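Quick look at model_10.cif (mmCIF, C-alpha atoms):
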```
data_structure
#
loop_
_atom_site.group_PDB
_atom_site.id
_atom_site.type_symbol
_atom_site.label_atom_id
_atom_site.label_comp_id
_atom_site.auth_asym_id
_atom_site.auth_seq_id
_atom_site.Cartn_x
_atom_site.Cartn_y
_atom_site.Cartn_z
ATOM 1 C CA MET Y 135 0.000 0.000 0.000
ATOM 2 C CA ASN Y 136 1.412 3.341 -1.018
ATOM 3 C CA PHE Y 137 1.143 5.663 1.946
ATOM 4 C CA ALA Y 138 2.173 8.740 0.003
ATOM 5 C CA GLN Y 139 -0.995 8.811 -2.058
ATOM 6 C CA ASP Y 140 -3.800 11.321 -1.699
ATOM 7 C CA VAL Y 141 -7.107 10.561 -0.079
ATOM 8 C CA PRO Y 142 -10.167 10.551 -2.356
ATOM 9 C CA LEU Y 143 -12.775 13.012 -1.170
ATOM 10 C CA THR Y 144 -15.427 10.299 -1.399
ATOM 11 C CA TRP Y 145 -13.840 8.700 1.646
ATOM 12 C CA TYR Y 146 -14.554 11.846 3.630
ATOM 13 C CA LEU Y 147 -18.142 11.797 2.401
ATOM 14 C CA LEU Y 148 -18.490 8.131 3.338
ATOM 15 C CA LEU Y 149 -17.153 8.903 6.828
ATOM 16 C CA SER Y 150 -19.683 11.698 7.079
ATOM 17 C CA ALA Y 151 -22.519 9.367 6.049
ATOM 18 C CA ALA Y 152 -21.357 6.759 8.559
ATOM 19 C CA LEU Y 153 -21.244 9.321 11.387
ATOM 20 C CA PHE Y 154 -24.712 10.567 10.436
ATOM 21 C CA SER Y 155 -26.105 7.016 10.504
ATOM 22 C CA LEU Y 156 -24.485 6.372 13.885
ATOM 23 C CA GLY Y 157 -26.165 9.561 15.107
ATOM 24 C CA ILE Y 158 -29.554 8.273 13.940
ATOM 25 C CA VAL Y 159 -28.929 4.920 15.648
ATOM 26 C CA GLY Y 160 -28.016 6.744 18.861
ATOM 27 C CA PHE Y 161 -31.155 8.840 18.605
ATOM 28 C CA LEU Y 162 -33.199 5.648 18.330
ATOM 29 C CA ILE Y 163 -31.584 3.399 20.934
ATOM 30 C CA LYS Y 164 -30.449 5.744 23.689
ATOM 31 C CA ARG Y 165 -32.844 6.047 26.607
ATOM 32 C CA ASN Y 166 -31.293 9.064 28.307
ATOM 33 C CA LEU Y 167 -32.434 12.548 27.324
ATOM 34 C CA ILE Y 168 -28.910 14.020 27.417
ATOM 35 C CA THR Y 169 -27.442 11.215 25.307
ATOM 36 C CA VAL Y 170 -30.217 11.612 22.737
ATOM 37 C CA PHE Y 171 -29.250 15.276 22.535
ATOM 38 C CA MET Y 172 -25.607 14.292 22.053
ATOM 39 C CA SER Y 173 -26.625 12.097 19.107
ATOM 40 C CA ILE Y 174 -28.176 15.171 17.485
ATOM 41 C CA GLU Y 175 -24.868 17.011 17.923
ATOM 42 C CA LEU Y 176 -23.112 14.050 16.291
ATOM 43 C CA MET Y 177 -25.421 14.334 13.262
ATOM 44 C CA LEU Y 178 -24.717 18.096 13.013
ATOM 45 C CA ASN Y 179 -20.983 17.378 13.035
ATOM 46 C CA ALA Y 180 -21.356 14.776 10.295
ATOM 47 C CA VAL Y 181 -23.153 17.300 8.079
ATOM 48 C CA ASN Y 182 -20.406 19.873 8.801
ATOM 49 C CA LEU Y 183 -17.798 17.399 7.548
ATOM 50 C CA SER Y 184 -19.713 17.099 4.264
ATOM 51 C CA PHE Y 185 -19.802 20.902 3.938
ATOM 52 C CA VAL Y 186 -16.043 21.188 4.456
ATOM 53 C CA THR Y 187 -15.388 18.377 1.975
ATOM 54 C CA PHE Y 188 -17.447 20.038 -0.743
ATOM 55 C CA ALA Y 189 -15.875 23.416 0.047
ATOM 56 C CA HIS Y 190 -12.497 21.779 -0.551
ATOM 57 C CA GLN Y 191 -13.700 20.165 -3.767
ATOM 58 C CA TRP Y 192 -15.075 23.334 -5.360
ATOM 59 C CA HIS Y 193 -12.646 25.778 -3.696
ATOM 60 C CA MET Y 194 -15.568 27.745 -2.309
ATOM 61 C CA VAL Y 195 -15.130 29.835 0.825
ATOM 62 C CA LYS Y 196 -18.857 30.008 1.420
ATOM 63 C CA GLY Y 197 -19.058 26.322 2.233
ATOM 64 C CA GLN Y 198 -16.782 26.899 5.193
ATOM 65 C CA ILE Y 199 -18.707 29.997 6.248
ATOM 66 C CA PHE Y 200 -21.875 27.915 6.249
ATOM 67 C CA VAL Y 201 -20.183 25.518 8.677
ATOM 68 C CA PHE Y 202 -19.333 28.512 10.855
ATOM 69 C CA PHE Y 203 -23.009 29.521 10.968
ATOM 70 C CA VAL Y 204 -24.048 25.929 11.680
ATOM 71 C CA MET Y 205 -21.661 25.970 14.653
ATOM 72 C CA MET Y 206 -23.174 29.195 15.988
ATOM 73 C CA VAL Y 207 -26.716 27.855 15.644
ATOM 74 C CA ALA Y 208 -25.631 24.594 17.294
ATOM 75 C CA ALA Y 209 -24.226 26.556 20.225
ATOM 76 C CA ALA Y 210 -27.532 28.415 20.644
ATOM 77 C CA GLU Y 211 -29.465 25.169 20.269
ATOM 78 C CA ALA Y 212 -27.332 23.423 22.889
ATOM 79 C CA ALA Y 213 -27.851 26.240 25.398
ATOM 80 C CA VAL Y 214 -31.631 26.302 24.965
ATOM 81 C CA GLY Y 215 -31.930 22.509 24.752
ATOM 82 C CA LEU Y 216 -29.972 21.908 27.931
ATOM 83 C CA ALA Y 217 -32.052 24.556 29.719
ATOM 84 C CA ILE Y 218 -35.185 22.686 28.598
ATOM 85 C CA ILE Y 219 -33.645 19.431 29.890
ATOM 86 C CA ILE Y 220 -33.020 21.086 33.274
ATOM 87 C CA ALA Y 221 -36.624 22.344 33.372
ATOM 88 C CA VAL Y 222 -37.964 18.885 32.476
ATOM 89 C CA PHE Y 223 -35.776 17.288 35.140
ATOM 90 C CA ARG Y 224 -37.141 19.729 37.755
ATOM 91 C CA ALA Y 225 -40.701 18.825 36.842
ATOM 92 C CA ARG Y 226 -40.304 15.056 36.420
ATOM 93 C CA ALA Y 227 -37.148 14.143 38.386
ATOM 94 C CA THR Y 228 -36.160 11.734 35.625
ATOM 95 C CA LEU Y 229 -34.142 11.780 32.437
ATOM 96 C CA ALA Y 230 -35.515 8.581 30.897
ATOM 97 C CA VAL Y 231 -37.225 9.383 27.620
ATOM 98 C CA ASP Y 232 -39.787 6.622 28.185
ATOM 99 C CA ARG Y 233 -41.156 8.471 31.219
ATOM 100 C CA ILE Y 234 -41.281 11.852 29.511
ATOM 101 C CA ASP Y 235 -44.216 11.316 27.219
ATOM 102 C CA LEU Y 236 -46.377 14.336 28.019
ATOM 103 C CA MET Y 237 -45.608 17.880 27.021
ATOM 104 C CA LYS Y 238 -47.568 19.194 29.980
ATOM 105 C CA LEU Y 239 -45.256 19.760 32.891
ATOM 106 C CA MET R 21 1.186 11.042 5.046
ATOM 107 C CA HIS R 22 -2.270 12.394 4.373
ATOM 108 C CA LEU R 23 -3.631 8.863 4.026
ATOM 109 C CA VAL R 24 -2.100 7.777 7.326
ATOM 110 C CA LEU R 25 -3.490 10.809 9.155
ATOM 111 C CA PHE R 26 -6.894 10.319 7.547
ATOM 112 C CA LEU R 27 -7.030 6.653 8.529
ATOM 113 C CA ILE R 28 -5.985 7.357 12.129
ATOM 114 C CA PHE R 29 -8.447 10.171 12.730
ATOM 115 C CA ALA R 30 -11.319 8.658 10.746
ATOM 116 C CA GLY R 31 -10.841 5.539 12.860
ATOM 117 C CA LEU R 32 -10.865 7.646 16.023
ATOM 118 C CA CYS R 33 -14.054 9.351 14.846
ATOM 119 C CA LEU R 34 -15.874 6.093 14.191
ATOM 120 C CA ALA R 35 -14.578 4.503 17.403
ATOM 121 C CA GLY R 36 -15.732 7.503 19.428
ATOM 122 C CA ALA R 37 -19.156 7.497 17.796
ATOM 123 C CA ILE R 38 -19.613 3.764 18.401
ATOM 124 C CA ASN R 39 -18.399 4.164 21.985
ATOM 125 C CA LEU R 40 -20.997 6.925 22.446
ATOM 126 C CA LEU R 41 -23.690 4.389 21.576
ATOM 127 C CA LEU R 42 -22.295 1.582 23.727
ATOM 128 C CA GLN R 43 -21.655 3.474 26.956
ATOM 129 C CA SER R 44 -24.519 3.513 29.414
ATOM 130 C CA HIS R 45 -23.257 6.389 31.551
ATOM 131 C CA PRO R 46 -23.887 9.868 30.049
ATOM 132 C CA ILE R 47 -20.509 11.240 31.137
ATOM 133 C CA ASN R 48 -18.699 8.511 29.180
ATOM 134 C CA SER R 49 -20.822 9.303 26.143
ATOM 135 C CA ALA R 50 -19.968 13.001 26.485
ATOM 136 C CA LEU R 51 -16.231 12.292 26.677
ATOM 137 C CA SER R 52 -16.324 10.041 23.615
ATOM 138 C CA LEU R 53 -18.181 12.813 21.786
ATOM 139 C CA VAL R 54 -15.258 15.115 22.657
ATOM 140 C CA VAL R 55 -12.936 12.564 21.024
ATOM 141 C CA VAL R 56 -15.119 12.592 17.896
ATOM 142 C CA MET R 57 -15.068 16.396 17.726
ATOM 143 C CA ILE R 58 -11.295 16.732 18.157
ATOM 144 C CA ALA R 59 -10.699 14.058 15.495
ATOM 145 C CA LEU R 60 -13.073 15.986 13.209
ATOM 146 C CA ALA R 61 -11.033 19.145 13.826
ATOM 147 C CA VAL R 62 -7.932 17.341 12.551
ATOM 148 C CA LEU R 63 -9.875 16.183 9.483
ATOM 149 C CA TYR R 64 -10.909 19.821 8.835
ATOM 150 C CA LEU R 65 -7.239 20.764 8.997
ATOM 151 C CA LEU R 66 -6.442 18.039 6.460
ATOM 152 C CA LEU R 67 -9.125 19.500 4.187
ATOM 153 C CA GLY R 68 -7.534 22.943 4.379
ATOM 154 C CA ALA R 69 -10.053 24.571 6.730
ATOM 155 C CA GLU R 70 -7.681 25.910 9.355
ATOM 156 C CA PHE R 71 -10.078 28.469 10.850
ATOM 157 C CA LEU R 72 -12.843 25.885 11.185
ATOM 158 C CA ALA R 73 -10.474 23.446 12.868
ATOM 159 C CA ALA R 74 -9.745 26.044 15.548
ATOM 160 C CA ALA R 75 -13.427 26.988 15.835
ATOM 161 C CA GLN R 76 -14.391 23.321 16.104
ATOM 162 C CA ILE R 77 -12.093 22.823 19.082
ATOM 163 C CA ILE R 78 -13.031 26.104 20.779
ATOM 164 C CA VAL R 79 -16.785 26.112 20.158
ATOM 165 C CA TYR R 80 -17.694 22.438 20.035
ATOM 166 C CA SER R 81 -15.267 20.530 22.208
ATOM 167 C CA GLY R 82 -14.712 23.584 24.364
ATOM 168 C CA ALA R 83 -17.961 25.403 24.944
ATOM 169 C CA ILE R 84 -20.739 23.024 23.952
ATOM 170 C CA MET R 85 -19.280 19.876 25.484
ATOM 171 C CA VAL R 86 -18.428 21.680 28.721
ATOM 172 C CA LEU R 87 -22.096 22.693 28.836
ATOM 173 C CA PHE R 88 -23.105 19.051 28.355
ATOM 174 C CA VAL R 89 -20.716 17.825 31.054
ATOM 175 C CA PHE R 90 -21.961 20.510 33.451
ATOM 176 C CA VAL R 91 -25.580 19.488 32.903
ATOM 177 C CA VAL R 92 -24.706 15.812 33.387
ATOM 178 C CA MET R 93 -23.019 16.673 36.690
ATOM 179 C CA LEU R 94 -25.715 19.136 37.754
ATOM 180 C CA LEU R 95 -28.553 16.684 37.224
ATOM 181 C CA ASN R 96 -26.483 13.847 38.714
ATOM 182 C CA ALA R 97 -27.411 11.648 35.787
ATOM 183 C CA GLY R 98 -26.679 8.030 36.573
ATOM 184 C CA ARG R 99 -26.633 4.973 34.395
ATOM 185 C CA GLU R 100 -29.446 4.927 31.918
ATOM 186 C CA GLU R 101 -32.153 2.384 32.417
ATOM 187 C CA ARG R 102 -32.071 -0.402 29.890
ATOM 188 C CA THR R 103 -35.663 -0.438 28.847
ATOM 189 C CA LEU R 104 -36.765 -2.299 25.809
ATOM 190 C CA GLY R 105 -37.553 0.850 23.912
ATOM 191 C CA SER R 106 -40.339 1.101 21.434
ATOM 192 C CA LYS R 107 -41.116 -1.704 19.038
ATOM 193 C CA VAL R 108 -41.477 0.753 16.183
ATOM 194 C CA ALA R 109 -37.884 1.938 16.609
ATOM 195 C CA LYS R 110 -36.647 -1.628 16.328
ATOM 196 C CA THR R 111 -38.831 -2.864 13.490
ATOM 197 C CA LEU R 112 -38.884 0.268 11.354
ATOM 198 C CA GLY R 113 -35.977 2.349 12.617
ATOM 199 C CA PHE R 114 -33.014 0.088 12.008
ATOM 200 C CA PRO R 115 -33.996 -0.994 8.471
ATOM 201 C CA ALA R 116 -34.580 2.709 7.756
ATOM 202 C CA VAL R 117 -31.091 3.581 9.062
ATOM 203 C CA VAL R 118 -29.539 0.817 6.946
ATOM 204 C CA ALA R 119 -31.498 2.107 3.942
ATOM 205 C CA VAL R 120 -30.360 5.703 4.546
ATOM 206 C CA MET R 121 -26.739 4.571 4.855
ATOM 207 C CA GLY R 122 -27.024 2.433 1.713
ATOM 208 C CA VAL R 123 -28.611 5.185 -0.362
ATOM 209 C CA LEU R 124 -26.029 7.743 0.810
ATOM 210 C CA ALA R 125 -23.139 5.355 0.113
ATOM 211 C CA THR R 126 -24.354 4.508 -3.391
ATOM 212 C CA ILE R 127 -24.918 8.183 -4.226
ATOM 213 C CA ILE R 128 -21.456 9.101 -2.922
ATOM 214 C CA LEU R 129 -19.747 6.240 -4.763
ATOM 215 C CA HIS R 130 -21.436 7.274 -8.011
ATOM 216 C CA LEU R 131 -20.424 10.925 -7.680
ATOM 217 C CA GLN R 132 -18.494 12.068 -10.707
ATOM 218 C CA GLY R 133 -15.516 14.369 -10.682
ATOM 219 C CA MET R 134 -14.686 14.292 -6.982
ATOM 220 C CA GLY R 135 -11.030 15.086 -6.554
ATOM 221 C CA ALA R 136 -8.546 14.002 -3.955
ATOM 222 C CA ALA R 137 -7.187 15.843 -0.952
ATOM 223 C CA ALA R 138 -3.471 16.273 -0.409
ATOM 224 C CA ILE R 139 -1.540 18.090 2.267
ATOM 225 C CA ASN R 140 -0.789 21.752 1.497
ATOM 226 C CA GLN R 141 -3.238 21.832 -1.364
ATOM 227 C CA GLY R 142 -6.543 23.652 -1.458
ATOM 228 C CA LEU R 143 -5.810 25.466 1.789
ATOM 229 C CA ILE R 144 -8.275 28.319 2.210
ATOM 230 C CA PRO R 145 -6.523 31.005 4.278
ATOM 231 C CA THR R 146 -8.352 32.614 7.170
ATOM 232 C CA GLU R 147 -7.764 36.017 5.581
ATOM 233 C CA GLU R 148 -9.832 35.112 2.534
ATOM 234 C CA LEU R 149 -12.541 33.573 4.687
ATOM 235 C CA SER R 150 -12.817 36.622 6.910
ATOM 236 C CA ARG R 151 -12.938 38.930 3.890
ATOM 237 C CA VAL R 152 -16.029 37.134 2.599
ATOM 238 C CA LEU R 153 -17.520 36.848 6.087
ATOM 239 C CA PHE R 154 -17.157 40.512 7.013
ATOM 240 C CA HIS R 155 -17.867 42.070 3.615
ATOM 241 C CA GLU R 156 -20.486 40.036 1.797
ATOM 242 C CA LEU R 157 -22.051 38.250 4.750
ATOM 243 C CA LEU R 158 -21.846 40.919 7.437
ATOM 244 C CA LEU R 159 -25.621 41.107 7.965
ATOM 245 C CA PRO R 160 -26.072 37.342 8.616
ATOM 246 C CA PHE R 161 -23.076 37.488 10.938
ATOM 247 C CA GLU R 162 -24.623 40.298 12.978
ATOM 248 C CA ILE R 163 -28.001 38.536 13.019
ATOM 249 C CA THR R 164 -26.202 35.503 14.480
ATOM 250 C CA SER R 165 -25.108 37.591 17.440
ATOM 251 C CA ILE R 166 -28.743 38.566 18.075
ATOM 252 C CA LEU R 167 -29.677 34.870 17.846
ATOM 253 C CA ILE R 168 -27.048 34.003 20.463
ATOM 254 C CA LEU R 169 -28.329 36.798 22.713
ATOM 255 C CA ILE R 170 -31.908 35.519 22.437
ATOM 256 C CA ALA R 171 -30.679 31.976 23.142
ATOM 257 C CA ILE R 172 -28.896 33.162 26.295
ATOM 258 C CA LEU R 173 -32.033 34.934 27.514
ATOM 259 C CA GLY R 174 -34.161 31.894 26.700
ATOM 260 C CA ALA R 175 -31.781 29.563 28.499
ATOM 261 C CA VAL R 176 -31.768 31.744 31.605
ATOM 262 C CA ALA R 177 -35.557 32.065 31.569
ATOM 263 C CA LEU R 178 -36.051 28.316 31.110
ATOM 264 C CA ALA R 179 -33.516 27.116 33.640
ATOM 265 C CA ARG R 180 -34.543 29.572 36.373
ATOM 266 C CA GLN R 181 -36.181 28.038 39.384
ATOM 267 C CA GLU R 182 -39.847 28.708 39.810
ATOM 268 C CA GLY R 183 -39.630 30.069 43.344
ATOM 269 C CA SER R 184 -36.595 32.245 42.740
ATOM 270 C CA GLU R 185 -38.567 35.285 41.584
ATOM 271 C CA ARG R 186 -39.732 36.011 45.104
ATOM 272 C CA SER R 187 -36.234 35.875 46.501
ATOM 273 C CA VAL R 188 -35.021 38.260 43.813
ATOM 274 C CA THR R 189 -37.745 40.840 44.459
ATOM 275 C CA LYS R 190 -37.332 40.690 48.220
#
```

For this file, produce the structure as C-alpha cells.
Amino acid sequence: MNFAQDVPLTWYLLLSAALFSLGIVGFLIKRNLITVFMSIELMLNAVNLSFVTFAHQWHMVKGQIFVFFVMMVAAAEAAVGLAIIIAVFRARATLAVDRIDLMKL
Amino acid sequence: MHLVLFLIFAGLCLAGAINLLLQSHPINSALSLVVVMIALAVLYLLLGAEFLAAAQIIVYSGAIMVLFVFVVMLLNAGREERTLGSKVAKTLGFPAVVAVMGVLATIILHLQGMGAAAINQGLIPTEELSRVLFHELLLPFEITSILILIAILGAVALARQEGSERSVTK
C-alpha cells in the first residue's frame, strides 16, 4: 500500500454518512435525554464534515462559512436545549425518555 | 502522510461514535463525543479549513461539550435504564437507518468528478474567509449575534427556578 498517495474526497463523504447514521442509531436506541441530545450534535458534526469536503472540492469559501453559521446555531441550540432538559428534570425528576411522554409539565 | 493521518483520525471518529452508543453512563458518552469532535477538527485541517479546525475545538469541544458535562453533573445523571424501547424503533428504525446509509453510500460512490485531498493543497486562508464573512455576509453574521443573545435569555428564563422570583424581588 502506497502511503504517500492522496485521499479521495469520497472517503470523507463516506465517513460523514457513517457518522450521520451512527447519530440516527443513537437517537433511536439511547434512553437518556442528554445522550439523545448528544446524538443530534453528532449528526450536526457529520453534516459539517460534508460541507467542508465540498468546500475543498469546489474551492468555495462560502461552504466553510456555512459551517461557521451551523456551529453558531448549534451553540444556541445546545444552550436552549440543555435549559429545557433542566426544566424537564425539575418537573419530572427523571431523564428517561420513556417516562417523559407528556408535554404538559 | 495524508492517508495515514486520515485513517488514524477517521478511525478515532468512528470509534468515538460507536463508543458513544455503547456506553450507558452519560458522562462517558460526552467524553467520547469530545474525542469525535477533536478528530473531526484534525480532518478539517487536512481539508484545508484551518479556521474551522480552531473553531471546532473552541466552540464544540470547548464550549458546547463543557455545557453538556456541566448538565450531566448538575442533574447527577446516573446509568441509563435499559428499557426495551419502542417496538417501532426496532422494526422500522433500524432498516430505515440501513437504507439511509445504503442510499447515501451509493450516491457518494457514483459521484463524478470528486477530486482528492493532499496536504498543502486547497488550503483556504483565514484572511480570505474573513474577507467574505465581514464584507459580503456581514448582515447574517450580525443577526447571528442577536440569535445568540436571544438563546442566552431563553436559556436563563427556562432554567430559572420557579420560586426564585420572590427571593429576587425581596

For a quick check of your reading of the model, name the residues lying within 8 Å of the coordinate (-30.2, 12.2, 16.6), counting all atoms listed in the file, and write them as a JSON list (two decimals) with C-alpha atoms, in the coordinates of the input.
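This went into selection_24.json:
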```
[["chain", "number", "residue", "atom", "x", "y", "z"],
["Y", 157, "GLY", "CA", -26.16, 9.56, 15.11],
["Y", 158, "ILE", "CA", -29.55, 8.27, 13.94],
["Y", 159, "VAL", "CA", -28.93, 4.92, 15.65],
["Y", 160, "GLY", "CA", -28.02, 6.74, 18.86],
["Y", 161, "PHE", "CA", -31.16, 8.84, 18.60],
["Y", 162, "LEU", "CA", -33.20, 5.65, 18.33],
["Y", 170, "VAL", "CA", -30.22, 11.61, 22.74],
["Y", 171, "PHE", "CA", -29.25, 15.28, 22.54],
["Y", 172, "MET", "CA", -25.61, 14.29, 22.05],
["Y", 173, "SER", "CA", -26.62, 12.10, 19.11],
["Y", 174, "ILE", "CA", -28.18, 15.17, 17.48],
["Y", 175, "GLU", "CA", -24.87, 17.01, 17.92],
["Y", 176, "LEU", "CA", -23.11, 14.05, 16.29],
["Y", 177, "MET", "CA", -25.42, 14.33, 13.26]]
```

>> I'd like to know which of Y:Ile168, Y:Ala210, Y:Ser184, Y:Ala151 is closest to Ala50 (chain R), using only C-alpha atoms.
In response: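 Using only C-alpha atoms, the shortest distance to Ala50 (chain R) belongs to Y:Ile168.
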
Output check: residues returned by the PyMOL selection byres ((chain R and resi 26-38) around 8), as a compact mmCIF listing (two decimals) with C-alpha atoms, in the coordinates of the input:
```
# COMPACT_ATOMS: atom_id res chain seq x y z
CA VAL Y 141 -7.11 10.56 -0.08
CA LEU Y 149 -17.15 8.90 6.83
CA ALA Y 152 -21.36 6.76 8.56
CA LEU Y 153 -21.24 9.32 11.39
CA LEU Y 156 -24.48 6.37 13.88
CA GLY Y 157 -26.16 9.56 15.11
CA LEU Y 176 -23.11 14.05 16.29
CA HIS R 22 -2.27 12.39 4.37
CA LEU R 23 -3.63 8.86 4.03
CA VAL R 24 -2.10 7.78 7.33
CA LEU R 25 -3.49 10.81 9.15
CA ASN R 39 -18.40 4.16 21.98
CA LEU R 40 -21.00 6.92 22.45
CA LEU R 41 -23.69 4.39 21.58
CA LEU R 42 -22.30 1.58 23.73
CA SER R 52 -16.32 10.04 23.62
CA LEU R 53 -18.18 12.81 21.79
CA VAL R 55 -12.94 12.56 21.02
CA VAL R 56 -15.12 12.59 17.90
CA MET R 57 -15.07 16.40 17.73
CA ALA R 59 -10.70 14.06 15.50
CA LEU R 60 -13.07 15.99 13.21
CA VAL R 62 -7.93 17.34 12.55
CA LEU R 63 -9.88 16.18 9.48
CA LEU R 66 -6.44 18.04 6.46
```

>> Using all atoms listed in the file and a distance of at most 6 Å, pull out the residues of chain R that contact chain Y, as a ChimeraX atom specification.
In response: /R:21,23,41,100,136-138,149,168,171,175,178-179

Padding of 4 Å on every side, edges along x, y and z, all listed atoms of region 217-220 of chain Y included: what centre and edge lengths in Å, to one decimal, does that box have, as JSON?
```
{"center_x": -33.6, "center_y": 22.0, "center_z": 30.9, "size_x": 11.1, "size_y": 13.1, "size_z": 12.7}
```

>> One number please: CA of Ser150 (chain R) to CA of Ile84 (chain R), in Å, one decimal.
In response: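 Distance reported for this atom pair: 23.2 Å.
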
>> I'd like to see the residues matched by the PyMOL selection byres ((chain R and resi 146) around 12) on this file, and ideally I'd get them as a ChimeraX atom specification.
In response: /Y:195,198-199 /R:68-75,143-145,147-154

For the selection you just gave me, I'd like the residues written to a file as a PDB file, keeping the file's coordinate frame, keeping C-alpha atoms.
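Saved the output as selection.pdb:
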```pdb
ATOM      1  CA  VAL Y 195     -15.130  29.835   0.825  1.00  0.00           C
ATOM      2  CA  GLN Y 198     -16.782  26.899   5.193  1.00  0.00           C
ATOM      3  CA  ILE Y 199     -18.707  29.997   6.248  1.00  0.00           C
TER       4      ILE Y 199
ATOM      5  CA  GLY R  68      -7.534  22.943   4.379  1.00  0.00           C
ATOM      6  CA  ALA R  69     -10.053  24.571   6.730  1.00  0.00           C
ATOM      7  CA  GLU R  70      -7.681  25.910   9.355  1.00  0.00           C
ATOM      8  CA  PHE R  71     -10.078  28.469  10.850  1.00  0.00           C
ATOM      9  CA  LEU R  72     -12.843  25.885  11.185  1.00  0.00           C
ATOM     10  CA  ALA R  73     -10.474  23.446  12.868  1.00  0.00           C
ATOM     11  CA  ALA R  74      -9.745  26.044  15.548  1.00  0.00           C
ATOM     12  CA  ALA R  75     -13.427  26.988  15.835  1.00  0.00           C
ATOM     13  CA  LEU R 143      -5.810  25.466   1.789  1.00  0.00           C
ATOM     14  CA  ILE R 144      -8.275  28.319   2.210  1.00  0.00           C
ATOM     15  CA  PRO R 145      -6.523  31.005   4.278  1.00  0.00           C
ATOM     16  CA  GLU R 147      -7.764  36.017   5.581  1.00  0.00           C
ATOM     17  CA  GLU R 148      -9.832  35.112   2.534  1.00  0.00           C
ATOM     18  CA  LEU R 149     -12.541  33.573   4.687  1.00  0.00           C
ATOM     19  CA  SER R 150     -12.817  36.622   6.910  1.00  0.00           C
ATOM     20  CA  ARG R 151     -12.938  38.930   3.890  1.00  0.00           C
ATOM     21  CA  VAL R 152     -16.029  37.134   2.599  1.00  0.00           C
ATOM     22  CA  LEU R 153     -17.520  36.848   6.087  1.00  0.00           C
ATOM     23  CA  PHE R 154     -17.157  40.512   7.013  1.00  0.00           C
TER      24      PHE R 154
END
```

> So how far away is CA of Leu51 (chain R) from CA of Leu65 (chain R), in Å?
Replying inline: 21.6 Å

>> Just the number, please: distance in Å from CA of Tyr64 (chain R) to CA of Tyr80 (chain R), one decimal.
In response: 13.4 Å
